[in-house]
Amino acid sequence: MEKAQTRVPLLSIYRVFFEIGLFSFGGGLVPWIHREVVDIRKWMTNEEFLSGIALTQVMPGVNSTNTAIFVGQRLRGLSGASTALLAMLTGPFCCVLLAAVFYQQLLGLPGFQAAMVGVASAAIGMLLRMGVTSARITIRSAPPAIMMAATFAAVGLFRLPLIPVVCVMAPISVALAWFLTTPKPAVDEEAGQ
Amino acid sequence: MNFDILLKIVIIMAPLSLAALGGATSIYAPMQHHTVDVEQWVTAREFLDLFAIARVTPGPGSMLGTLIGWKVAGFTGALVASLALYLPSSALVFGVGHVWHRHRGKRWHTALENGLAPIGCGLLFAGVLTLSRVAAEGIVPLMLIPGVAALMIVWPKLHPFIFLLGGGLICYAVYLAGF
């Protein structure tokens, strides 16, 4: 278990992820999690969060729920991860069923779909903003900058499949990081849950 | 409640959970195959309608599976389909995360973290590009993306919901204006 001083109440975890889940339109959710977890609540460092993204994106499942599990687990182990996942899905589950019931009326509303495109675009804008701010924090030298640019080009520009790209880039990037960081004095004592 | 149907939902959805690499987009096709062609739970038209609902409501696109479960077996079906879609992949993430968090602070872990962070960053930017290809049709939505990003950098304290609402209103106004 986590050290007592950093023990985040499950209710806080639920509240944060419930809200994020409820307002998650168009897939712009990871930046919102980042904002709440790293920027506002400081539950995690930026590096911890970003490495979690790289880690969970190569695994099956939805990015946002995977990220929620990663964060919840880091904070409170199994109960934290379950709470985060449940919280993320409560809102969407109810909304999607409600929408299914009132589907005809909803799509019949003039301009409804246009408005939803706008919401989704704003969500993508959030993602872009998170990329910019994270890059400013994380990219402090040339090697990570090159790795970031190469990953972006491969997946974004050339549309290569994500999993093989990460499987090639990650070992190179980690090896660079290994040789570029000087070993820190032992902090192993506080590791582990 | 028909137990056989629920079991069938699990048998179809649970493998899709583990097949959803890179998000829900990769499982739409097999989900359609199983639920429309093989089981004939929904018609092709209904499948598209449910897809549209999943797109315009909050939550991941795989909520489509929840809707199909609801169509087939009501509320219980929706619940069972959701669990089947999320639990397997979540368990896998949890398992990997368990090993990951346990070794925090060790040198190799720090190297992994510092090495993976730029990859995560690159994936974010790639995601922006990929999503905008799919979601943002038209010049106004496309301009919203950098616009929102810039405004959020200037006013980081503002609640994200305000930007989502603003984006929706702007596109609604453009629709009313008749572009």
# chains A, B, ... in the order shown; residues from 1 in each chain; ligands from 1

$ interface_residues --of "chain B" --to "chain A" --cutoff "6 Å" --atoms "only C-alpha atoms" --output "PDB file with all heavy atoms, in the first residue's frame"
ATOM      1  N   LEU B  18      -9.912  -7.647 -25.625  1.00  0.00           N
ATOM      2  CA  LEU B  18      -8.465  -7.820 -25.738  1.00  0.00           C
ATOM      3  C   LEU B  18      -7.971  -7.511 -27.147  1.00  0.00           C
ATOM      4  O   LEU B  18      -6.774  -7.323 -27.365  1.00  0.00           O
ATOM      5  CB  LEU B  18      -8.079  -9.243 -25.343  1.00  0.00           C
ATOM      6  CG  LEU B  18      -8.286  -9.549 -23.865  1.00  0.00           C
ATOM      7  CD1 LEU B  18      -8.027 -11.020 -23.578  1.00  0.00           C
ATOM      8  CD2 LEU B  18      -7.402  -8.675 -22.996  1.00  0.00           C
ATOM      9  N   ALA B  20      -9.026  -4.884 -28.819  1.00  0.00           N
ATOM     10  CA  ALA B  20      -9.166  -3.444 -29.061  1.00  0.00           C
ATOM     11  C   ALA B  20      -7.826  -2.737 -28.894  1.00  0.00           C
ATOM     12  O   ALA B  20      -7.631  -1.943 -27.970  1.00  0.00           O
ATOM     13  CB  ALA B  20     -10.217  -2.855 -28.125  1.00  0.00           C
ATOM     14  N   LEU B  21      -6.923  -3.010 -29.797  1.00  0.00           N
ATOM     15  CA  LEU B  21      -5.622  -2.338 -29.748  1.00  0.00           C
ATOM     16  C   LEU B  21      -5.759  -0.969 -30.379  1.00  0.00           C
ATOM     17  O   LEU B  21      -6.312  -0.839 -31.463  1.00  0.00           O
ATOM     18  CB  LEU B  21      -4.578  -3.165 -30.492  1.00  0.00           C
ATOM     19  CG  LEU B  21      -4.179  -4.464 -29.786  1.00  0.00           C
ATOM     20  CD1 LEU B  21      -3.470  -5.391 -30.732  1.00  0.00           C
ATOM     21  CD2 LEU B  21      -3.309  -4.148 -28.579  1.00  0.00           C
ATOM     22  N   GLY B  23      -7.543   1.499 -29.174  1.00  0.00           N
ATOM     23  CA  GLY B  23      -8.866   2.063 -28.975  1.00  0.00           C
ATOM     24  C   GLY B  23      -9.970   1.266 -29.645  1.00  0.00           C
ATOM     25  O   GLY B  23      -9.731   0.201 -30.220  1.00  0.00           O
ATOM     26  N   THR B  57     -22.619  10.619 -27.666  1.00  0.00           N
ATOM     27  CA  THR B  57     -22.734  10.662 -26.213  1.00  0.00           C
ATOM     28  C   THR B  57     -21.333  10.595 -25.609  1.00  0.00           C
ATOM     29  O   THR B  57     -20.395  10.170 -26.273  1.00  0.00           O
ATOM     30  CB  THR B  57     -23.562   9.473 -25.683  1.00  0.00           C
ATOM     31  OG1 THR B  57     -23.080   8.284 -26.316  1.00  0.00           O
ATOM     32  CG2 THR B  57     -25.032   9.644 -25.987  1.00  0.00           C
ATOM     33  N   PRO B  58     -21.193  11.044 -24.353  1.00  0.00           N
ATOM     34  CA  PRO B  58     -19.869  10.961 -23.734  1.00  0.00           C
ATOM     35  C   PRO B  58     -19.435   9.508 -23.598  1.00  0.00           C
ATOM     36  O   PRO B  58     -20.267   8.603 -23.622  1.00  0.00           O
ATOM     37  CB  PRO B  58     -20.071  11.601 -22.355  1.00  0.00           C
ATOM     38  CG  PRO B  58     -21.535  11.558 -22.108  1.00  0.00           C
ATOM     39  CD  PRO B  58     -22.171  11.657 -23.447  1.00  0.00           C
ATOM     40  N   GLY B  59     -18.135   9.325 -23.472  1.00  0.00           N
ATOM     41  CA  GLY B  59     -17.640   7.974 -23.252  1.00  0.00           C
ATOM     42  C   GLY B  59     -17.000   7.403 -24.487  1.00  0.00           C
ATOM     43  O   GLY B  59     -17.154   7.920 -25.587  1.00  0.00           O
ATOM     44  N   SER B  89      -9.479  -6.279 -20.745  1.00  0.00           N
ATOM     45  CA  SER B  89      -8.375  -5.366 -21.045  1.00  0.00           C
ATOM     46  C   SER B  89      -7.923  -4.634 -19.782  1.00  0.00           C
ATOM     47  O   SER B  89      -6.736  -4.407 -19.573  1.00  0.00           O
ATOM     48  CB  SER B  89      -8.791  -4.365 -22.125  1.00  0.00           C
ATOM     49  OG  SER B  89      -9.877  -3.589 -21.693  1.00  0.00           O
ATOM     50  N   ARG B 102       5.409  -1.091  -8.842  1.00  0.00           N
ATOM     51  CA  ARG B 102       6.161  -1.726  -7.767  1.00  0.00           C
ATOM     52  C   ARG B 102       7.638  -1.334  -7.791  1.00  0.00           C
ATOM     53  O   ARG B 102       8.289  -1.258  -6.764  1.00  0.00           O
ATOM     54  CB  ARG B 102       5.986  -3.239  -7.889  1.00  0.00           C
ATOM     55  CG  ARG B 102       6.982  -4.055  -7.115  1.00  0.00           C
ATOM     56  CD  ARG B 102       6.507  -5.451  -6.984  1.00  0.00           C
ATOM     57  NE  ARG B 102       5.338  -5.491  -6.108  1.00  0.00           N
ATOM     58  CZ  ARG B 102       4.844  -6.602  -5.580  1.00  0.00           C
ATOM     59  NH1 ARG B 102       5.380  -7.751  -5.877  1.00  0.00           N
ATOM     60  NH2 ARG B 102       3.811  -6.564  -4.778  1.00  0.00           N
ATOM     61  N   HIS B 103       8.149  -1.073  -8.985  1.00  0.00           N
ATOM     62  CA  HIS B 103       9.578  -0.823  -9.111  1.00  0.00           C
ATOM     63  C   HIS B 103       9.914   0.650  -9.244  1.00  0.00           C
ATOM     64  O   HIS B 103      11.011   1.001  -9.669  1.00  0.00           O
ATOM     65  CB  HIS B 103      10.135  -1.609 -10.299  1.00  0.00           C
ATOM     66  CG  HIS B 103      10.037  -3.086 -10.104  1.00  0.00           C
ATOM     67  ND1 HIS B 103      10.910  -3.781  -9.298  1.00  0.00           N
ATOM     68  CD2 HIS B 103       9.138  -3.990 -10.558  1.00  0.00           C
ATOM     69  CE1 HIS B 103      10.568  -5.057  -9.293  1.00  0.00           C
ATOM     70  NE2 HIS B 103       9.495  -5.212 -10.037  1.00  0.00           N
ATOM     71  N   ARG B 104       8.979   1.495  -8.865  1.00  0.00           N
ATOM     72  CA  ARG B 104       9.220   2.922  -8.934  1.00  0.00           C
ATOM     73  C   ARG B 104      10.487   3.314  -8.177  1.00  0.00           C
ATOM     74  O   ARG B 104      10.736   2.806  -7.087  1.00  0.00           O
ATOM     75  CB  ARG B 104       8.018   3.669  -8.354  1.00  0.00           C
ATOM     76  CG  ARG B 104       7.701   4.939  -9.028  1.00  0.00           C
ATOM     77  CD  ARG B 104       6.215   5.304  -8.909  1.00  0.00           C
ATOM     78  NE  ARG B 104       5.494   4.540  -7.901  1.00  0.00           N
ATOM     79  CZ  ARG B 104       5.202   5.002  -6.696  1.00  0.00           C
ATOM     80  NH1 ARG B 104       5.591   6.193  -6.336  1.00  0.00           N
ATOM     81  NH2 ARG B 104       4.491   4.260  -5.870  1.00  0.00           N
ATOM     82  N   GLY B 105      11.295   4.191  -8.781  1.00  0.00           N
ATOM     83  CA  GLY B 105      12.467   4.702  -8.076  1.00  0.00           C
ATOM     84  C   GLY B 105      13.746   3.979  -8.425  1.00  0.00           C
ATOM     85  O   GLY B 105      14.838   4.492  -8.190  1.00  0.00           O
ATOM     86  N   LYS B 106      13.657   2.774  -8.973  1.00  0.00           N
ATOM     87  CA  LYS B 106      14.874   2.084  -9.388  1.00  0.00           C
ATOM     88  C   LYS B 106      15.420   2.715 -10.665  1.00  0.00           C
ATOM     89  O   LYS B 106      14.682   3.317 -11.429  1.00  0.00           O
ATOM     90  CB  LYS B 106      14.570   0.600  -9.625  1.00  0.00           C
ATOM     91  CG  LYS B 106      14.095  -0.065  -8.349  1.00  0.00           C
ATOM     92  CD  LYS B 106      14.131  -1.562  -8.440  1.00  0.00           C
ATOM     93  CE  LYS B 106      13.691  -2.156  -7.109  1.00  0.00           C
ATOM     94  NZ  LYS B 106      13.057  -3.449  -7.233  1.00  0.00           N
ATOM     95  N   ALA B 111      14.814   5.110 -16.091  1.00  0.00           N
ATOM     96  CA  ALA B 111      15.195   5.153 -17.504  1.00  0.00           C
ATOM     97  C   ALA B 111      13.994   4.830 -18.387  1.00  0.00           C
ATOM     98  O   ALA B 111      13.759   5.483 -19.407  1.00  0.00           O
ATOM     99  CB  ALA B 111      16.334   4.177 -17.774  1.00  0.00           C
ATOM    100  N   LEU B 112      13.223   3.825 -17.977  1.00  0.00           N
ATOM    101  CA  LEU B 112      12.011   3.476 -18.736  1.00  0.00           C
ATOM    102  C   LEU B 112      11.055   4.663 -18.790  1.00  0.00           C
ATOM    103  O   LEU B 112      10.517   5.004 -19.843  1.00  0.00           O
ATOM    104  CB  LEU B 112      11.295   2.290 -18.073  1.00  0.00           C
ATOM    105  CG  LEU B 112      11.652   0.891 -18.557  1.00  0.00           C
ATOM    106  CD1 LEU B 112      10.893  -0.152 -17.753  1.00  0.00           C
ATOM    107  CD2 LEU B 112      11.326   0.738 -20.035  1.00  0.00           C
ATOM    108  N   GLU B 113      10.893   5.302 -17.618  1.00  0.00           N
ATOM    109  CA  GLU B 113       9.970   6.419 -17.536  1.00  0.00           C
ATOM    110  C   GLU B 113      10.435   7.572 -18.426  1.00  0.00           C
ATOM    111  O   GLU B 113       9.667   8.104 -19.223  1.00  0.00           O
ATOM    112  CB  GLU B 113       9.856   6.891 -16.087  1.00  0.00           C
ATOM    113  CG  GLU B 113       8.470   7.231 -15.678  1.00  0.00           C
ATOM    114  CD  GLU B 113       8.354   7.389 -14.176  1.00  0.00           C
ATOM    115  OE1 GLU B 113       8.988   8.311 -13.613  1.00  0.00           O
ATOM    116  OE2 GLU B 113       7.650   6.587 -13.566  1.00  0.00           O
ATOM    117  N   ASN B 114      11.708   7.923 -18.297  1.00  0.00           N
ATOM    118  CA  ASN B 114      12.236   9.024 -19.099  1.00  0.00           C
ATOM    119  C   ASN B 114      12.269   8.675 -20.578  1.00  0.00           C
ATOM    120  O   ASN B 114      12.169   9.554 -21.428  1.00  0.00           O
ATOM    121  CB  ASN B 114      13.646   9.408 -18.631  1.00  0.00           C
ATOM    122  CG  ASN B 114      13.616  10.054 -17.263  1.00  0.00           C
ATOM    123  OD1 ASN B 114      12.583  10.572 -16.838  1.00  0.00           O
ATOM    124  ND2 ASN B 114      14.737  10.003 -16.552  1.00  0.00           N
ATOM    125  N   GLY B 115      12.450   7.399 -20.873  1.00  0.00           N
ATOM    126  CA  GLY B 115      12.468   6.988 -22.269  1.00  0.00           C
ATOM    127  C   GLY B 115      11.075   6.927 -22.876  1.00  0.00           C
ATOM    128  O   GLY B 115      10.882   7.249 -24.045  1.00  0.00           O
ATOM    129  N   LEU B 116      10.091   6.500 -22.069  1.00  0.00           N
ATOM    130  CA  LEU B 116       8.740   6.349 -22.601  1.00  0.00           C
ATOM    131  C   LEU B 116       7.995   7.682 -22.684  1.00  0.00           C
ATOM    132  O   LEU B 116       7.107   7.837 -23.525  1.00  0.00           O
ATOM    133  CB  LEU B 116       7.934   5.368 -21.734  1.00  0.00           C
ATOM    134  CG  LEU B 116       8.315   3.893 -21.876  1.00  0.00           C
ATOM    135  CD1 LEU B 116       7.484   3.033 -20.950  1.00  0.00           C
ATOM    136  CD2 LEU B 116       8.134   3.428 -23.321  1.00  0.00           C
ATOM    137  N   ALA B 117       8.377   8.635 -21.836  1.00  0.00           N
ATOM    138  CA  ALA B 117       7.656   9.912 -21.817  1.00  0.00           C
ATOM    139  C   ALA B 117       7.655  10.612 -23.177  1.00  0.00           C
ATOM    140  O   ALA B 117       6.595  11.049 -23.638  1.00  0.00           O
ATOM    141  CB  ALA B 117       8.205  10.830 -20.723  1.00  0.00           C
ATOM    142  N   PRO B 118       8.819  10.720 -23.859  1.00  0.00           N
ATOM    143  CA  PRO B 118       8.771  11.356 -25.187  1.00  0.00           C
ATOM    144  C   PRO B 118       7.937  10.569 -26.189  1.00  0.00           C
ATOM    145  O   PRO B 118       7.279  11.179 -27.051  1.00  0.00           O
ATOM    146  CB  PRO B 118      10.228  11.403 -25.647  1.00  0.00           C
ATOM    147  CG  PRO B 118      11.052  10.900 -24.553  1.00  0.00           C
ATOM    148  CD  PRO B 118      10.196  10.434 -23.436  1.00  0.00           C
ATOM    149  N   ILE B 119       7.918   9.241 -26.054  1.00  0.00           N
ATOM    150  CA  ILE B 119       7.073   8.428 -26.940  1.00  0.00           C
ATOM    151  C   ILE B 119       5.601   8.771 -26.693  1.00  0.00           C
ATOM    152  O   ILE B 119       4.820   8.962 -27.624  1.00  0.00           O
ATOM    153  CB  ILE B 119       7.301   6.921 -26.683  1.00  0.00           C
ATOM    154  CG1 ILE B 119       8.792   6.575 -26.760  1.00  0.00           C
ATOM    155  CG2 ILE B 119       6.478   6.075 -27.640  1.00  0.00           C
ATOM    156  CD1 ILE B 119       9.346   6.466 -28.129  1.00  0.00           C
ATOM    157  N   GLY B 120       5.240   8.859 -25.398  1.00  0.00           N
ATOM    158  CA  GLY B 120       3.867   9.231 -25.047  1.00  0.00           C
ATOM    159  C   GLY B 120       3.514  10.582 -25.628  1.00  0.00           C
ATOM    160  O   GLY B 120       2.412  10.798 -26.144  1.00  0.00           O
ATOM    161  N   CYS B 121       4.474  11.507 -25.560  1.00  0.00           N
ATOM    162  CA  CYS B 121       4.283  12.851 -26.103  1.00  0.00           C
ATOM    163  C   CYS B 121       4.045  12.800 -27.614  1.00  0.00           C
ATOM    164  O   CYS B 121       3.123  13.440 -28.136  1.00  0.00           O
ATOM    165  CB  CYS B 121       5.533  13.680 -25.836  1.00  0.00           C
ATOM    166  SG  CYS B 121       5.224  15.098 -24.827  1.00  0.00           S
ATOM    167  N   GLY B 122       4.880  12.035 -28.299  1.00  0.00           N
ATOM    168  CA  GLY B 122       4.723  11.901 -29.746  1.00  0.00           C
ATOM    169  C   GLY B 122       3.371  11.299 -30.105  1.00  0.00           C
ATOM    170  O   GLY B 122       2.730  11.716 -31.063  1.00  0.00           O
ATOM    171  N   LEU B 123       2.927  10.318 -29.297  1.00  0.00           N
ATOM    172  CA  LEU B 123       1.629   9.683 -29.539  1.00  0.00           C
ATOM    173  C   LEU B 123       0.491  10.681 -29.359  1.00  0.00           C
ATOM    174  O   LEU B 123      -0.519  10.623 -30.058  1.00  0.00           O
ATOM    175  CB  LEU B 123       1.437   8.481 -28.609  1.00  0.00           C
ATOM    176  CG  LEU B 123       2.307   7.256 -28.897  1.00  0.00           C
ATOM    177  CD1 LEU B 123       2.041   6.166 -27.871  1.00  0.00           C
ATOM    178  CD2 LEU B 123       2.049   6.730 -30.295  1.00  0.00           C
ATOM    179  N   LEU B 124       0.652  11.608 -28.408  1.00  0.00           N
ATOM    180  CA  LEU B 124      -0.371  12.639 -28.210  1.00  0.00           C
ATOM    181  C   LEU B 124      -0.555  13.460 -29.471  1.00  0.00           C
ATOM    182  O   LEU B 124      -1.663  13.670 -29.945  1.00  0.00           O
ATOM    183  CB  LEU B 124       0.040  13.574 -27.066  1.00  0.00           C
ATOM    184  CG  LEU B 124      -0.131  13.100 -25.641  1.00  0.00           C
ATOM    185  CD1 LEU B 124       0.309  14.188 -24.687  1.00  0.00           C
ATOM    186  CD2 LEU B 124      -1.577  12.742 -25.388  1.00  0.00           C
ATOM    187  N   ALA B 126       0.348  12.686 -32.485  1.00  0.00           N
ATOM    188  CA  ALA B 126      -0.185  11.829 -33.537  1.00  0.00           C
ATOM    189  C   ALA B 126      -1.699  11.672 -33.373  1.00  0.00           C
ATOM    190  O   ALA B 126      -2.444  11.685 -34.349  1.00  0.00           O
ATOM    191  CB  ALA B 126       0.495  10.467 -33.509  1.00  0.00           C
ATOM    192  N   VAL B 128      -3.743  13.825 -32.087  1.00  0.00           N
ATOM    193  CA  VAL B 128      -4.386  15.062 -32.538  1.00  0.00           C
ATOM    194  C   VAL B 128      -4.640  14.997 -34.038  1.00  0.00           C
ATOM    195  O   VAL B 128      -5.735  15.273 -34.521  1.00  0.00           O
ATOM    196  CB  VAL B 128      -3.500  16.284 -32.215  1.00  0.00           C
ATOM    197  CG1 VAL B 128      -4.041  17.550 -32.878  1.00  0.00           C
ATOM    198  CG2 VAL B 128      -3.394  16.474 -30.718  1.00  0.00           C
ATOM    199  N   LEU B 129      -3.619  14.569 -34.768  1.00  0.00           N
ATOM    200  CA  LEU B 129      -3.719  14.509 -36.225  1.00  0.00           C
ATOM    201  C   LEU B 129      -4.754  13.472 -36.666  1.00  0.00           C
ATOM    202  O   LEU B 129      -5.621  13.740 -37.488  1.00  0.00           O
ATOM    203  CB  LEU B 129      -2.343  14.167 -36.795  1.00  0.00           C
ATOM    204  CG  LEU B 129      -2.052  14.675 -38.194  1.00  0.00           C
ATOM    205  CD1 LEU B 129      -2.202  16.178 -38.243  1.00  0.00           C
ATOM    206  CD2 LEU B 129      -0.647  14.270 -38.612  1.00  0.00           C
ATOM    207  N   ALA B 136     -13.137  16.222 -37.229  1.00  0.00           N
ATOM    208  CA  ALA B 136     -13.367  17.614 -37.590  1.00  0.00           C
ATOM    209  C   ALA B 136     -13.525  17.775 -39.090  1.00  0.00           C
ATOM    210  O   ALA B 136     -12.560  17.826 -39.828  1.00  0.00           O
ATOM    211  CB  ALA B 136     -12.216  18.472 -37.075  1.00  0.00           C
ATOM    212  N   PRO B 141     -14.476  23.647 -37.447  1.00  0.00           N
ATOM    213  CA  PRO B 141     -13.967  22.674 -36.479  1.00  0.00           C
ATOM    214  C   PRO B 141     -12.443  22.560 -36.514  1.00  0.00           C
ATOM    215  O   PRO B 141     -11.795  22.465 -35.474  1.00  0.00           O
ATOM    216  CB  PRO B 141     -14.623  21.362 -36.913  1.00  0.00           C
ATOM    217  CG  PRO B 141     -15.844  21.763 -37.633  1.00  0.00           C
ATOM    218  CD  PRO B 141     -15.524  23.065 -38.303  1.00  0.00           C
ATOM    219  N   ILE B 145      -9.463  23.569 -33.190  1.00  0.00           N
ATOM    220  CA  ILE B 145      -8.465  22.740 -32.504  1.00  0.00           C
ATOM    221  C   ILE B 145      -7.280  23.571 -32.005  1.00  0.00           C
ATOM    222  O   ILE B 145      -7.026  23.610 -30.798  1.00  0.00           O
ATOM    223  CB  ILE B 145      -8.026  21.575 -33.411  1.00  0.00           C
ATOM    224  CG1 ILE B 145      -9.232  20.667 -33.698  1.00  0.00           C
ATOM    225  CG2 ILE B 145      -6.901  20.785 -32.761  1.00  0.00           C
ATOM    226  CD1 ILE B 145      -8.990  19.605 -34.741  1.00  0.00           C
ATOM    227  N   PRO B 146      -6.559  24.278 -32.911  1.00  0.00           N
ATOM    228  CA  PRO B 146      -5.476  25.121 -32.391  1.00  0.00           C
ATOM    229  C   PRO B 146      -5.998  26.267 -31.543  1.00  0.00           C
ATOM    230  O   PRO B 146      -5.327  26.699 -30.597  1.00  0.00           O
ATOM    231  CB  PRO B 146      -4.779  25.639 -33.660  1.00  0.00           C
ATOM    232  CG  PRO B 146      -5.763  25.469 -34.757  1.00  0.00           C
ATOM    233  CD  PRO B 146      -6.629  24.305 -34.386  1.00  0.00           C
ATOM    234  N   VAL B 148      -8.605  26.322 -29.409  1.00  0.00           N
ATOM    235  CA  VAL B 148      -8.835  25.861 -28.041  1.00  0.00           C
ATOM    236  C   VAL B 148      -7.502  25.615 -27.335  1.00  0.00           C
ATOM    237  O   VAL B 148      -7.308  25.994 -26.173  1.00  0.00           O
ATOM    238  CB  VAL B 148      -9.704  24.578 -28.036  1.00  0.00           C
ATOM    239  CG1 VAL B 148      -9.653  23.897 -26.685  1.00  0.00           C
ATOM    240  CG2 VAL B 148     -11.129  24.907 -28.417  1.00  0.00           C
ATOM    241  N   ALA B 149      -6.567  24.990 -28.074  1.00  0.00           N
ATOM    242  CA  ALA B 149      -5.258  24.707 -27.470  1.00  0.00           C
ATOM    243  C   ALA B 149      -4.593  25.995 -27.010  1.00  0.00           C
ATOM    244  O   ALA B 149      -4.090  26.081 -25.881  1.00  0.00           O
ATOM    245  CB  ALA B 149      -4.376  23.969 -28.477  1.00  0.00           C
ATOM    246  N   LEU B 164     -15.421  22.939 -24.207  1.00  0.00           N
ATOM    247  CA  LEU B 164     -16.274  21.995 -24.936  1.00  0.00           C
ATOM    248  C   LEU B 164     -17.592  22.652 -25.310  1.00  0.00           C
ATOM    249  O   LEU B 164     -18.065  22.562 -26.447  1.00  0.00           O
ATOM    250  CB  LEU B 164     -16.537  20.750 -24.075  1.00  0.00           C
ATOM    251  CG  LEU B 164     -15.333  19.881 -23.730  1.00  0.00           C
ATOM    252  CD1 LEU B 164     -15.762  18.682 -22.895  1.00  0.00           C
ATOM    253  CD2 LEU B 164     -14.632  19.412 -24.988  1.00  0.00           C
ATOM    254  N   GLY B 167     -17.038  25.231 -28.039  1.00  0.00           N
ATOM    255  CA  GLY B 167     -16.857  24.576 -29.335  1.00  0.00           C
ATOM    256  C   GLY B 167     -18.196  24.156 -29.923  1.00  0.00           C
ATOM    257  O   GLY B 167     -18.477  24.383 -31.105  1.00  0.00           O
ATOM    258  N   GLY B 168     -19.044  23.566 -29.075  1.00  0.00           N
ATOM    259  CA  GLY B 168     -20.363  23.141 -29.520  1.00  0.00           C
ATOM    260  C   GLY B 168     -21.199  24.320 -29.981  1.00  0.00           C
ATOM    261  O   GLY B 168     -21.836  24.278 -31.036  1.00  0.00           O
ATOM    262  N   CYS B 171     -19.983  25.833 -33.384  1.00  0.00           N
ATOM    263  CA  CYS B 171     -20.383  25.044 -34.549  1.00  0.00           C
ATOM    264  C   CYS B 171     -21.890  25.071 -34.755  1.00  0.00           C
ATOM    265  O   CYS B 171     -22.367  25.004 -35.892  1.00  0.00           O
ATOM    266  CB  CYS B 171     -19.876  23.612 -34.411  1.00  0.00           C
ATOM    267  SG  CYS B 171     -18.129  23.501 -34.776  1.00  0.00           S
ATOM    268  N   TYR B 172     -22.634  25.174 -33.666  1.00  0.00           N
ATOM    269  CA  TYR B 172     -24.082  25.287 -33.781  1.00  0.00           C
ATOM    270  C   TYR B 172     -24.446  26.607 -34.456  1.00  0.00           C
ATOM    271  O   TYR B 172     -25.311  26.652 -35.340  1.00  0.00           O
ATOM    272  CB  TYR B 172     -24.728  25.201 -32.394  1.00  0.00           C
ATOM    273  CG  TYR B 172     -26.240  25.245 -32.422  1.00  0.00           C
ATOM    274  CD1 TYR B 172     -26.949  24.227 -33.037  1.00  0.00           C
ATOM    275  CD2 TYR B 172     -26.932  26.306 -31.850  1.00  0.00           C
ATOM    276  CE1 TYR B 172     -28.326  24.257 -33.075  1.00  0.00           C
ATOM    277  CE2 TYR B 172     -28.315  26.348 -31.881  1.00  0.00           C
ATOM    278  CZ  TYR B 172     -29.013  25.329 -32.500  1.00  0.00           C
ATOM    279  OH  TYR B 172     -30.381  25.362 -32.546  1.00  0.00           O
TER     280      TYR B 172
END

$ closest_residue --among "B:Gly69, B:Leu131, B:Gln32, B:Trp100" --to "B:Leu83" --atoms "only C-alpha atoms"
B:Gly69

$ select_by_dssp --residues "chain B" --states "alpha helix (DSSP H)" --output "VMD selection string"
chain B and resid 3 to 19 28 to 32 44 to 56 63 to 102 107 to 135 139 to 154 160 to 177

$ atom_distance --atom1 "atom CA of B:Ala84" --atom2 "atom CA of A:Arg76"
23.8 Å

$ atom_distance --atom1 "atom CA of B:Met152" --atom2 "atom CA of A:Val8"
27.1 Å

$ closest_residue --among "B:Met13, B:Val99, B:Ala52, B:Val154" --to "B:Thr66" --atoms "only C-alpha atoms"
B:Met13

$ atom_distance --atom1 "atom CA of B:Ala135" --atom2 "atom CA of B:Phe163"
16.5 Å
